[in-house]
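Text of the file upload14.cif, holding mmCIF, C-alpha atoms:
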data_target
loop_
_atom_site.label_atom_id
_atom_site.label_comp_id
_atom_site.auth_asym_id
_atom_site.auth_seq_id
_atom_site.Cartn_x
_atom_site.Cartn_y
_atom_site.Cartn_z
CA MET A 1 -20.16 -12.74 -0.08
CA LYS A 2 -16.92 -14.67 -0.16
CA ILE A 3 -13.69 -13.25 -1.53
CA ILE A 4 -10.37 -15.02 -1.18
CA ILE A 5 -7.08 -13.43 -2.11
CA LYS A 6 -4.20 -15.67 -3.05
CA ASN A 7 -0.80 -14.15 -2.56
CA SER A 8 0.70 -16.87 -4.70
CA SER A 9 -1.56 -16.07 -7.66
CA PRO A 10 0.12 -14.49 -10.69
CA ASP A 11 -2.97 -12.26 -11.03
CA PRO A 12 -2.78 -8.86 -9.37
CA ILE A 13 -5.02 -8.46 -6.32
CA TYR A 14 -7.42 -5.99 -7.97
CA LYS A 15 -8.07 -8.55 -10.70
CA GLN A 16 -8.63 -11.37 -8.24
CA ILE A 17 -11.31 -9.27 -6.55
CA SER A 18 -13.06 -8.14 -9.70
CA ASP A 19 -13.00 -11.70 -11.12
CA GLN A 20 -14.59 -13.10 -7.97
CA LEU A 21 -17.20 -10.37 -7.71
CA ARG A 22 -18.08 -10.77 -11.38
CA GLY A 23 -18.47 -14.49 -10.78
CA LEU A 24 -20.79 -13.88 -7.83
CA ILE A 25 -22.95 -11.55 -9.92
CA ILE A 26 -23.11 -13.88 -12.92
CA THR A 27 -24.09 -16.85 -10.80
CA GLY A 28 -26.75 -14.71 -9.12
CA GLU A 29 -25.24 -14.99 -5.67
CA LEU A 30 -25.09 -11.21 -5.64
CA LYS A 31 -28.44 -9.89 -6.81
CA SER A 32 -29.07 -6.66 -8.66
CA GLY A 33 -29.64 -3.77 -6.33
CA GLU A 34 -27.64 -5.43 -3.56
CA ALA A 35 -25.30 -3.04 -1.73
CA LEU A 36 -21.58 -3.74 -1.67
CA PRO A 37 -19.24 -2.73 1.12
CA SER A 38 -17.56 0.64 0.55
CA ILE A 39 -14.09 0.52 -0.98
CA ARG A 40 -12.64 1.51 2.39
CA ASN A 41 -14.58 -1.17 4.27
CA LEU A 42 -13.61 -3.84 1.79
CA ALA A 43 -9.96 -2.76 1.89
CA ARG A 44 -9.96 -2.97 5.67
CA ASP A 45 -11.58 -6.38 5.78
CA LEU A 46 -9.40 -7.87 3.07
CA ARG A 47 -6.38 -6.11 4.58
CA ILE A 48 -5.33 -4.50 1.33
CA SER A 49 -5.00 -0.95 0.08
CA VAL A 50 -7.92 1.34 -0.74
CA ILE A 51 -6.63 2.01 -4.25
CA THR A 52 -6.68 -1.71 -5.00
CA THR A 53 -10.35 -2.17 -4.10
CA LYS A 54 -11.19 1.08 -5.85
CA ARG A 55 -9.66 -0.23 -9.05
CA SER A 56 -11.66 -3.48 -8.85
CA TYR A 57 -14.92 -1.58 -8.42
CA GLU A 58 -14.05 0.80 -11.23
CA ASP A 59 -13.35 -2.08 -13.60
CA LEU A 60 -16.68 -3.71 -12.76
CA GLU A 61 -18.50 -0.40 -13.17
CA ARG A 62 -17.00 -0.02 -16.62
CA GLU A 63 -18.18 -3.53 -17.47
CA GLY A 64 -21.68 -2.68 -16.27
CA PHE A 65 -21.79 -5.03 -13.28
CA LEU A 66 -21.72 -2.37 -10.58
CA GLU A 67 -22.96 1.16 -10.23
CA THR A 68 -21.96 3.79 -7.76
CA VAL A 69 -24.52 6.25 -6.51
CA GLY A 70 -22.79 9.36 -5.18
CA GLY A 71 -23.10 9.60 -1.42
CA LYS A 72 -24.95 6.26 -1.15
CA GLY A 73 -22.48 3.63 -2.13
CA THR A 74 -21.90 0.91 -4.68
CA PHE A 75 -24.59 -1.51 -5.82
CA VAL A 76 -24.94 -4.45 -8.16
CA ALA A 77 -26.30 -2.92 -11.36
CA PRO A 78 -29.68 -4.13 -12.63
CA GLN A 79 -28.59 -7.08 -14.70
CA ASN A 80 -29.79 -7.57 -18.15
CA MET A 81 -30.45 -11.30 -18.53
CA GLU A 82 -29.34 -11.11 -22.15
CA PHE A 83 -26.06 -9.56 -21.02
CA ILE A 84 -25.47 -12.20 -18.39
CA ARG A 85 -26.17 -14.92 -20.92
CA GLU A 86 -23.60 -13.37 -23.20
CA GLN A 87 -21.05 -13.24 -20.39
CA LYS A 88 -21.65 -16.87 -19.59
CA LEU A 89 -21.37 -17.83 -23.26
CA LYS A 90 -18.04 -16.02 -23.35
CA ILE A 91 -16.83 -18.10 -20.41
CA ILE A 92 -17.94 -21.34 -22.07
CA GLU A 93 -16.28 -20.32 -25.31
CA ALA A 94 -13.02 -19.55 -23.54
CA LYS A 95 -13.06 -22.89 -21.76
CA LEU A 96 -13.87 -24.77 -24.95
CA SER A 97 -11.06 -23.11 -26.84
CA GLU A 98 -8.76 -24.12 -24.03
CA ALA A 99 -9.94 -27.71 -24.47
CA VAL A 100 -9.40 -27.45 -28.22
CA ASP A 101 -5.84 -26.22 -27.69
CA GLU A 102 -5.11 -29.10 -25.34
CA ALA A 103 -6.63 -31.57 -27.79
CA ARG A 104 -4.49 -30.20 -30.63
CA MET A 105 -1.37 -30.57 -28.53
CA LEU A 106 -2.26 -34.20 -27.99
CA GLY A 107 -3.00 -34.61 -31.67
CA LEU A 108 -6.65 -35.42 -31.02
CA LYS A 109 -9.02 -35.19 -34.01
CA LYS A 110 -12.13 -33.00 -34.02
CA ASN A 111 -14.32 -36.09 -34.04
CA GLU A 112 -12.58 -37.58 -31.05
CA LEU A 113 -13.08 -34.37 -29.10
CA LYS A 114 -16.74 -34.28 -30.12
CA GLU A 115 -17.11 -37.84 -28.87
CA MET A 116 -15.70 -36.78 -25.53
CA LEU A 117 -18.16 -33.89 -25.38
CA ASP A 118 -21.05 -36.21 -26.26
CA ALA A 119 -20.01 -38.59 -23.52
CA LEU A 120 -19.83 -35.74 -21.01
CA TYR A 121 -23.30 -34.56 -21.99
CA GLU A 122 -24.84 -37.97 -21.25
CA MET B 1 -8.58 15.30 -5.84
CA THR B 2 -7.17 17.36 -3.02
CA LYS B 3 -3.54 17.14 -2.14
CA ILE B 4 -2.86 16.92 1.55
CA LEU B 5 0.90 17.11 1.07
CA GLU B 6 2.90 18.71 -1.72
CA ILE B 7 6.68 18.71 -1.65
CA ASN B 8 8.21 20.69 -4.48
CA GLY B 9 11.91 20.72 -5.37
CA VAL B 10 13.09 20.60 -1.78
CA SER B 11 16.82 20.43 -1.06
CA LYS B 12 18.79 20.38 2.16
CA GLU B 13 22.52 19.94 2.47
CA PHE B 14 24.48 18.73 5.46
CA LYS B 15 28.09 17.75 5.73
CA GLY B 16 28.32 14.48 3.87
CA PHE B 17 24.64 14.24 2.92
CA LYS B 18 22.35 16.03 0.52
CA LEU B 19 18.62 15.78 0.11
CA ASP B 20 18.54 16.61 -3.55
CA ASN B 21 15.59 18.40 -5.16
CA ILE B 22 12.86 16.05 -3.97
CA THR B 23 9.29 16.29 -5.23
CA PHE B 24 6.27 14.19 -4.31
CA GLY B 25 2.75 14.57 -3.04
CA LEU B 26 -0.06 12.71 -1.32
CA GLU B 27 -3.78 12.88 -2.00
CA LYS B 28 -6.41 13.04 0.68
CA GLY B 29 -7.75 9.70 1.88
CA TYR B 30 -4.75 7.50 1.19
CA ILE B 31 -1.78 5.86 2.83
CA MET B 32 1.71 6.48 1.50
CA GLY B 33 4.65 4.32 2.43
CA PHE B 34 7.94 6.17 2.47
CA ILE B 35 10.69 3.63 2.03
CA GLY B 36 14.44 3.57 1.63
CA PRO B 37 17.54 2.16 3.29
CA ASN B 38 18.87 3.65 6.51
CA GLY B 39 20.44 7.03 5.87
CA ALA B 40 18.56 7.58 2.59
CA GLY B 41 16.88 10.76 3.80
CA LYS B 42 13.52 9.58 5.17
CA THR B 43 13.81 11.20 8.57
CA THR B 44 15.35 14.36 7.12
CA THR B 45 12.39 14.68 4.77
CA ILE B 46 9.92 14.18 7.61
CA ARG B 47 11.71 16.72 9.78
CA LEU B 48 11.53 19.20 6.90
CA ILE B 49 7.80 18.53 6.53
CA MET B 50 7.34 19.13 10.25
CA ASN B 51 9.48 22.28 10.03
CA LEU B 52 11.94 20.90 12.56
CA LEU B 53 14.68 21.60 10.01
CA LYS B 54 15.07 24.57 7.73
CA LYS B 55 15.15 23.71 4.03
CA ASP B 56 17.72 25.26 1.69
CA SER B 57 15.28 25.57 -1.21
CA GLY B 58 11.92 24.44 -2.57
CA ASP B 59 8.53 24.54 -0.89
CA ILE B 60 6.30 22.28 1.17
CA LYS B 61 2.53 22.65 1.37
CA ILE B 62 0.32 20.81 3.83
CA PHE B 63 -3.49 21.12 3.54
CA GLY B 64 -2.61 23.64 0.79
CA MET B 65 -0.81 25.94 3.24
CA ASP B 66 2.87 26.78 3.53
CA ASN B 67 4.46 24.59 6.17
CA VAL B 68 6.57 27.43 7.61
CA SER B 69 4.29 30.47 7.61
CA ASP B 70 1.19 28.43 8.60
CA GLU B 71 2.98 26.05 10.92
CA VAL B 72 0.64 26.48 13.89
CA PRO B 73 -2.73 25.81 12.20
CA ILE B 74 -1.13 22.96 10.22
CA LYS B 75 0.33 21.20 13.24
CA ASP B 76 -2.99 21.34 15.02
CA ARG B 77 -4.28 19.00 12.31
CA ILE B 78 -1.29 16.64 12.23
CA GLY B 79 -0.76 13.55 14.35
CA PHE B 80 2.91 12.78 14.66
CA VAL B 81 4.65 9.61 15.80
CA TYR B 82 8.38 9.65 16.01
CA GLU B 83 10.66 6.63 16.23
CA GLU B 84 12.34 7.80 19.39
CA ASN B 85 10.67 8.64 22.64
CA TYR B 86 10.32 12.41 22.95
CA PHE B 87 8.30 12.43 26.17
CA TYR B 88 9.49 13.20 29.69
CA GLU B 89 10.61 9.87 31.07
CA HIS B 90 9.90 10.74 34.71
CA LEU B 91 6.23 11.66 34.17
CA THR B 92 3.26 9.32 34.24
CA VAL B 93 1.20 8.63 31.13
CA ASN B 94 -1.59 10.79 32.46
CA LYS B 95 0.63 13.72 33.47
CA MET B 96 2.34 13.73 30.09
CA LYS B 97 -1.03 13.73 28.37
CA GLU B 98 -2.12 16.73 30.46
CA ILE B 99 0.91 18.65 29.26
CA ILE B 100 0.36 17.82 25.60
CA ALA B 101 -3.43 18.08 25.36
CA PRO B 102 -3.76 21.90 25.67
CA PHE B 103 -1.58 22.38 22.59
CA TYR B 104 -4.29 20.92 20.40
CA GLY B 105 -7.45 22.82 19.48
CA LYS B 106 -9.49 19.64 18.99
CA TRP B 107 -8.15 17.47 21.79
CA ASP B 108 -10.61 14.70 22.63
CA ASP B 109 -10.11 13.25 26.09
CA ASN B 110 -12.72 10.53 25.60
CA LYS B 111 -10.91 9.32 22.54
CA PHE B 112 -7.62 9.27 24.43
CA ASN B 113 -9.17 7.19 27.21
CA GLU B 114 -10.61 4.82 24.64
CA TYR B 115 -7.19 4.30 23.10
CA CYS B 116 -5.60 3.86 26.54
CA GLU B 117 -8.04 1.06 27.19
CA LYS B 118 -7.58 -0.46 23.75
CA PHE B 119 -3.77 -0.31 24.02
CA GLU B 120 -3.77 -1.38 27.69
CA LEU B 121 -1.96 1.78 28.76
CA THR B 122 -1.95 2.31 32.51
CA PRO B 123 -2.44 6.06 33.17
CA LYS B 124 -0.46 5.99 36.40
CA LYS B 125 2.60 4.29 34.99
CA LYS B 126 5.73 6.34 34.39
CA ILE B 127 6.87 6.71 30.80
CA ARG B 128 10.30 5.25 31.58
CA ASP B 129 8.69 2.08 32.91
CA LEU B 130 6.88 1.43 29.64
CA SER B 131 8.24 -1.13 27.18
CA LYS B 132 9.27 0.04 23.74
CA GLY B 133 6.03 -1.20 22.24
CA THR B 134 3.94 0.48 24.92
CA LYS B 135 5.77 3.79 24.44
CA MET B 136 4.88 3.54 20.78
CA LYS B 137 1.27 2.90 21.71
CA PHE B 138 1.33 5.98 23.94
CA SER B 139 2.68 8.14 21.07
CA LEU B 140 0.02 6.70 18.86
CA ALA B 141 -2.75 7.38 21.38
CA ILE B 142 -1.61 11.01 21.55
CA ALA B 143 -1.41 11.28 17.76
CA LEU B 144 -4.89 9.83 17.31
CA SER B 145 -6.68 11.80 20.02
CA HIS B 146 -6.92 15.26 18.52
CA ASN B 147 -8.87 14.58 15.33
CA ALA B 148 -5.79 14.87 13.15
CA GLU B 149 -6.43 14.71 9.43
CA PHE B 150 -2.87 13.81 8.55
CA LEU B 151 -0.82 11.21 10.40
CA ILE B 152 2.93 11.25 9.94
CA LEU B 153 4.64 8.17 11.32
CA ASP B 154 8.41 7.97 11.25
CA GLU B 155 9.61 4.37 11.53
CA PRO B 156 6.80 3.49 13.95
CA THR B 157 7.40 -0.24 13.62
CA SER B 158 11.16 -0.52 13.90
CA GLY B 159 12.12 -2.66 16.87
CA LEU B 160 8.57 -3.88 17.40
CA ASP B 161 7.42 -7.46 17.15
CA PRO B 162 5.27 -8.72 14.25
CA VAL B 163 2.18 -9.08 16.45
CA PHE B 164 2.20 -5.44 17.45
CA ARG B 165 3.11 -4.32 13.93
CA ASP B 166 0.09 -6.18 12.67
CA LYS B 167 -2.12 -4.48 15.25
CA LEU B 168 -0.75 -1.11 14.22
CA MET B 169 -1.72 -1.84 10.62
CA ASP B 170 -5.25 -2.64 11.79
CA ILE B 171 -5.41 0.68 13.62
CA LEU B 172 -4.27 2.53 10.50
CA ARG B 173 -6.85 0.67 8.41
CA GLU B 174 -9.49 1.78 10.87
CA GLU B 175 -8.29 5.41 10.70
CA ILE B 176 -8.42 5.48 6.93
CA GLN B 177 -12.10 4.48 6.95
CA ASP B 178 -12.57 8.23 7.17
CA GLU B 179 -11.81 9.35 3.64
CA ASN B 180 -10.64 12.75 4.84
CA LYS B 181 -7.64 11.29 6.60
CA SER B 182 -4.23 10.54 5.13
CA ILE B 183 -1.17 8.76 6.43
CA LEU B 184 2.52 9.10 5.60
CA PHE B 185 4.43 6.18 7.01
CA SER B 186 8.20 5.85 6.78
CA THR B 187 9.81 2.47 7.27
CA HIS B 188 12.46 0.12 6.06
CA ILE B 189 10.28 -2.86 6.98
CA THR B 190 8.54 -3.00 3.65
CA SER B 191 6.40 -6.03 4.43
CA ASP B 192 4.28 -3.77 6.66
CA LEU B 193 3.43 -1.71 3.62
CA GLU B 194 3.10 -4.46 1.06
CA LYS B 195 -0.65 -4.62 1.48
CA ILE B 196 -1.81 -1.50 3.25
CA ALA B 197 -0.09 1.27 1.27
CA ASP B 198 -1.85 2.97 -1.63
CA TYR B 199 1.26 4.86 -2.71
CA ILE B 200 4.95 4.17 -2.30
CA THR B 201 7.70 6.77 -2.39
CA PHE B 202 11.17 5.34 -2.55
CA ILE B 203 14.13 7.48 -1.55
CA ASN B 204 17.78 6.52 -1.93
CA ASN B 205 20.90 8.66 -1.39
CA GLY B 206 18.78 11.76 -0.91
CA ARG B 207 16.94 11.38 -4.20
CA ILE B 208 13.44 10.15 -4.97
CA VAL B 209 13.75 7.00 -7.08
CA PHE B 210 9.99 6.77 -7.63
CA SER B 211 6.72 7.93 -6.12
CA ASN B 212 3.65 6.22 -7.50
CA GLN B 213 0.68 3.93 -6.80
CA LYS B 214 1.93 0.74 -5.20
CA ASP B 215 0.03 -1.50 -7.61
CA THR B 216 1.48 0.34 -10.60
CA ILE B 217 5.01 0.09 -9.22
CA LEU B 218 4.73 -3.62 -8.59
CA GLU B 219 3.32 -4.17 -12.07
CA ASN B 220 6.12 -2.20 -13.69
CA TYR B 221 8.91 -4.47 -12.58
CA LYS B 222 9.70 -8.17 -12.80
CA ILE B 223 12.15 -10.50 -11.12
CA ILE B 224 13.88 -12.79 -13.58
CA LYS B 225 15.73 -15.93 -12.54
CA GLY B 226 17.77 -18.09 -14.84
CA ASP B 227 21.10 -19.44 -15.93
CA THR B 228 24.04 -16.99 -15.88
CA GLY B 229 25.02 -18.18 -19.37
CA ILE B 230 22.32 -16.06 -20.97
CA LEU B 231 23.59 -12.81 -19.47
CA THR B 232 25.24 -11.08 -22.43
CA ASP B 233 26.58 -7.54 -21.99
CA GLU B 234 23.60 -6.31 -23.96
CA ILE B 235 21.16 -7.97 -21.57
CA ARG B 236 23.12 -6.89 -18.50
CA ASN B 237 22.81 -3.26 -19.57
CA GLU B 238 19.04 -3.52 -19.56
CA LEU B 239 18.77 -4.99 -16.08
CA LEU B 240 18.28 -2.80 -13.03
CA GLY B 241 20.21 -5.02 -10.66
CA ILE B 242 21.70 -8.49 -10.82
CA LYS B 243 22.74 -11.03 -8.22
CA GLU B 244 24.75 -13.97 -9.43
CA ASN B 245 26.05 -17.16 -7.94
CA ARG B 246 27.19 -20.48 -9.31
CA PHE B 247 23.63 -21.77 -9.60
CA GLY B 248 22.28 -18.89 -11.65
CA PHE B 249 21.20 -15.29 -11.45
CA GLU B 250 18.33 -13.24 -10.13
CA ALA B 251 17.68 -9.79 -11.54
CA LEU B 252 15.20 -6.95 -11.44
CA CYS B 253 14.07 -5.48 -14.74
CA ASP B 254 11.44 -3.23 -16.25
CA TYR B 255 8.22 -4.99 -17.10
CA GLU B 256 8.79 -4.17 -20.79
CA LYS B 257 12.22 -5.80 -20.78
CA GLU B 258 10.77 -9.19 -19.96
CA SER B 259 10.66 -9.93 -23.70
CA LEU B 260 14.47 -9.98 -23.77
CA PHE B 261 14.21 -13.38 -22.15
CA SER B 262 11.49 -14.85 -24.33
CA LYS B 263 13.99 -17.13 -26.10
CA PHE B 264 15.41 -18.46 -22.85
CA GLU B 265 14.22 -20.67 -20.11
CA VAL B 266 13.76 -18.32 -17.17
CA VAL B 267 11.43 -17.94 -14.22
CA THR B 268 9.56 -14.66 -13.98
CA GLU B 269 8.09 -13.46 -10.73
CA LYS B 270 6.33 -10.48 -9.25
CA PRO B 271 8.83 -8.53 -7.15
CA SER B 272 8.21 -7.67 -3.53
CA LEU B 273 8.83 -4.14 -2.30
CA GLU B 274 11.78 -5.48 -0.38
CA GLN B 275 13.38 -6.96 -3.48
CA MET B 276 12.84 -3.69 -5.31
CA MET B 277 14.39 -1.71 -2.50
CA VAL B 278 17.43 -4.00 -2.37
CA TYR B 279 18.05 -4.03 -6.12
CA LEU B 280 17.43 -0.36 -6.72
CA SER B 281 19.53 0.73 -3.74
CA ASN B 282 22.56 -1.20 -4.93
CA LYS B 283 22.43 0.40 -8.34
#
Now, as a test, write the supplied structure out as structure tokens.
Amino acid sequence: MKIIIKNSSPDPIYKQISDQLRGLIITGELKSGEALPSIRNLARDLRISVITTKRSYEDLEREGFLETVGGKGTFVAPQNMEFIREQKLKIIEAKLSEAVDEARMLGLKKNELKEMLDALYE
Amino acid sequence: MTKILEINGVSKEFKGFKLDNITFGLEKGYIMGFIGPNGAGKTTTIRLIMNLLKKDSGDIKIFGMDNVSDEVPIKDRIGFVYEENYFYEHLTVNKMKEIIAPFYGKWDDNKFNEYCEKFELTPKKKIRDLSKGTKMKFSLAIALSHNAEFLILDEPTSGLDPVFRDKLMDILREEIQDENKSILFSTHITSDLEKIADYITFINNGRIVFSNQKDTILENYKIIKGDTGILTDEIRNELLGIKENRFGFEALCDYEKESLFSKFEVVTEKPSLEQMMVYLSNK
């Protein structure tokens, strides 16, 4: 499990952690049922505050990626493949809309963008 | 959640200084940084918590007990590190330890020896022959060797080099692995707290400016940098502190006030605790 915190990032630290953990779960690097370090362990190793790691875990629990079993710890929640697919589709959609925005700024036509996409698919 | 420390409306007046109706608390399992410029009231507050000073009004509870009437059982569960050396200079490390140990119900000699080894403390050395950093390590070894649930550190890092300060932070991180322990840490070196602290209480001129989760505090403020030309009186009134020079200005403002600058070309940054302390102290 690799987590890197950038001090120069505009994103708050708790978000950097939850984004990276979410990524690891979606790509399958963290498998369902796998145990995560405790919030205190993670805070110590990343050299950040306990409240920050707690917030990251809580956000991911709310999103259904993690579950905490009282007295046992935090685990990757059993992942619904449908759910993961949806999450990935969301990411693709976000990236595509970014590309559309950029294309509009350049004054690129829809067809031209489609051509680029076709070329990339080859 | 259980409060380990509750300070409620505490005041204390001296000639020329008043600690004015301060209120804040700390939950079990967390680290609170207590920051403020020199003379703001940090040490006075800590001495009131430790009942080394008598308060004029208000009340202080530690582990849910009154800090005056239950002073003895409370202090048995507190580890205290003071900025200045309060040990007998002419005694050896070991002798001093033998004097202190019996005061604590849960003194753990093995733990003390472990820390001595970890901190490279020589038991036969006299206190006065220890360097400033080593004296601090000795205080820390004492504070950590009686299973204290609450560590109170008053300016433990002032005058110490960055390498040792970093080690101290690692030790505190290790301590807090036990979720029943809490730490109150006063300092004016805010970079030590930037990462490790869960809560920050900021005191200035004897008043609490804020006491909240560190992440929340840092999200609630912004640093704005831009051209001085855009600073109308209306905008100035909304800023919490401004520094100007002939190249432009830098100011601290509420997160919500960032929109005031939407029409202008400015740079917005996350503030550091140090910047916040500087701007809010000059107010």
Set out as a tab-separated table a contact list for chain B and chain A with a cut-off of 7 Å, giving each residue of chain B that qualifies its closest atom pair and distance in Å to one decimal, counting all atoms listed in the file, ordered by chain and rising residue number.
residue	atom	partner	partner_atom	distance
B:Arg173	CA	A:Arg44	CA	5.5
B:Gln177	CA	A:Arg40	CA	5.5
B:Lys195	CA	A:Ile48	CA	4.7
B:Ile196	CA	A:Ser49	CA	4.5
B:Ala197	CA	A:Ser49	CA	5.5
B:Asp198	CA	A:Ser49	CA	5.3
Please evaluate the PyMOL selection byres ((chain A and resi 58-62) around 12) against the displayed coordinates and give the resulting residues as a ChimeraX atom specification. /A:14-23,25,39,51-57,63-69,74-78
Generate the output file for the selected residues, C-alpha atoms, as a PDB file, keeping the file's coordinate frame.
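Saved result, part_2.pdb, follows:
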ATOM      1  CA  TYR A  14      -7.420  -5.990  -7.970  1.00  0.00           C
ATOM      2  CA  LYS A  15      -8.070  -8.550 -10.700  1.00  0.00           C
ATOM      3  CA  GLN A  16      -8.630 -11.370  -8.240  1.00  0.00           C
ATOM      4  CA  ILE A  17     -11.310  -9.270  -6.550  1.00  0.00           C
ATOM      5  CA  SER A  18     -13.060  -8.140  -9.700  1.00  0.00           C
ATOM      6  CA  ASP A  19     -13.000 -11.700 -11.120  1.00  0.00           C
ATOM      7  CA  GLN A  20     -14.590 -13.100  -7.970  1.00  0.00           C
ATOM      8  CA  LEU A  21     -17.200 -10.370  -7.710  1.00  0.00           C
ATOM      9  CA  ARG A  22     -18.080 -10.770 -11.380  1.00  0.00           C
ATOM     10  CA  GLY A  23     -18.470 -14.490 -10.780  1.00  0.00           C
ATOM     11  CA  ILE A  25     -22.950 -11.550  -9.920  1.00  0.00           C
ATOM     12  CA  ILE A  39     -14.090   0.520  -0.980  1.00  0.00           C
ATOM     13  CA  ILE A  51      -6.630   2.010  -4.250  1.00  0.00           C
ATOM     14  CA  THR A  52      -6.680  -1.710  -5.000  1.00  0.00           C
ATOM     15  CA  THR A  53     -10.350  -2.170  -4.100  1.00  0.00           C
ATOM     16  CA  LYS A  54     -11.190   1.080  -5.850  1.00  0.00           C
ATOM     17  CA  ARG A  55      -9.660  -0.230  -9.050  1.00  0.00           C
ATOM     18  CA  SER A  56     -11.660  -3.480  -8.850  1.00  0.00           C
ATOM     19  CA  TYR A  57     -14.920  -1.580  -8.420  1.00  0.00           C
ATOM     20  CA  GLU A  63     -18.180  -3.530 -17.470  1.00  0.00           C
ATOM     21  CA  GLY A  64     -21.680  -2.680 -16.270  1.00  0.00           C
ATOM     22  CA  PHE A  65     -21.790  -5.030 -13.280  1.00  0.00           C
ATOM     23  CA  LEU A  66     -21.720  -2.370 -10.580  1.00  0.00           C
ATOM     24  CA  GLU A  67     -22.960   1.160 -10.230  1.00  0.00           C
ATOM     25  CA  THR A  68     -21.960   3.790  -7.760  1.00  0.00           C
ATOM     26  CA  VAL A  69     -24.520   6.250  -6.510  1.00  0.00           C
ATOM     27  CA  THR A  74     -21.900   0.910  -4.680  1.00  0.00           C
ATOM     28  CA  PHE A  75     -24.590  -1.510  -5.820  1.00  0.00           C
ATOM     29  CA  VAL A  76     -24.940  -4.450  -8.160  1.00  0.00           C
ATOM     30  CA  ALA A  77     -26.300  -2.920 -11.360  1.00  0.00           C
ATOM     31  CA  PRO A  78     -29.680  -4.130 -12.630  1.00  0.00           C
TER      32      PRO A  78
END
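You will find CA of Leu252 (chain B) at 13.0 Å from CA of Leu231 (chain B).
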So how far away is CA of Thr44 (chain B) from CA of Ser145 (chain B), in Å? 25.7 Å
So that I can check the surroundings of region 116-119 of chain B, please list as a VMD selection string every protein, DNA and RNA residue that reaches within 8 Å of it, counting all atoms listed in the file and ignoring chain neighbours fewer than 6 positions away. chain B and resid 134 137 to 138 141
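For the pair CA of Lys95 (chain B) and CA of Asp154 (chain B), the separation is 24.2 Å.
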Would you pick out the contacts of region 5-20 of chain B at 8 Å or less, using only C-alpha atoms, so that residues sharing its chain but fewer than 2 positions from it are not included, and give the list as a list in words? Lys3, Ile22, Thr23, Phe24, Gly25, Leu26, Glu27, Gly41, Thr44, Thr45, Lys54, Lys55, Asp56, Ser57, Gly58, Asp59, Ile60, Lys61, Ile62, Phe63, Gly64, Asn205, Gly206 and Arg207 of chain B
Looking at B:Ile46, B:Ala251, B:Leu151, B:Ile127, which one is nearest to Asp76 (chain B), with distances taken over only C-alpha atoms? B:Leu151
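Selection check: the PyMOL selection byres ((chain A and resi 93-100) around 12) on the shown file gives Glu86, Gln87, Lys88, Leu89, Lys90, Ile91, Ile92, Asp101, Glu102, Ala103, Arg104, Met105, Leu106, Gly107, Leu108, Lys109, Lys110, Asn111, Glu112, Leu113, Lys114, Met116 and Leu117 of chain A.
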Surrounding residues of Glu265 (chain B) excluding itself and chain neighbours under 4 positions, 9 Å, all atoms listed in the file, as JSON, numbers by chain: {"B": [226, 227, 261]}
Proximity to Leu30 (chain A) - best of A:Gln79, A:Gly70, A:Glu115, A:Tyr121, only C-alpha atoms: A:Gln79
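Among the candidates B:Glu234, B:Glu244, B:Glu256, B:Glu89, the one nearest to Asn220 (chain B) when counting only C-alpha atoms is B:Glu256.
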Just the residues within 8 Å of region 184-192 of chain B, please, counting all atoms listed in the file, with nothing from its chain fewer than 4 positions along; format it as a PyMOL selection string. chain B and resi 31-38+42-43+150-158+165-166+169+196+273-274
One residue among B:Ala101, B:Ile171, B:Leu160, B:Ile235 is nearest to Leu140 (chain B) when using only C-alpha atoms, and that residue is B:Ile171
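For the choices B:Glu71, B:Glu238, B:Asp215, B:Glu84, the atom-to-atom distance to Leu260 (chain B) is smallest for B:Glu238 when using all atoms listed in the file.
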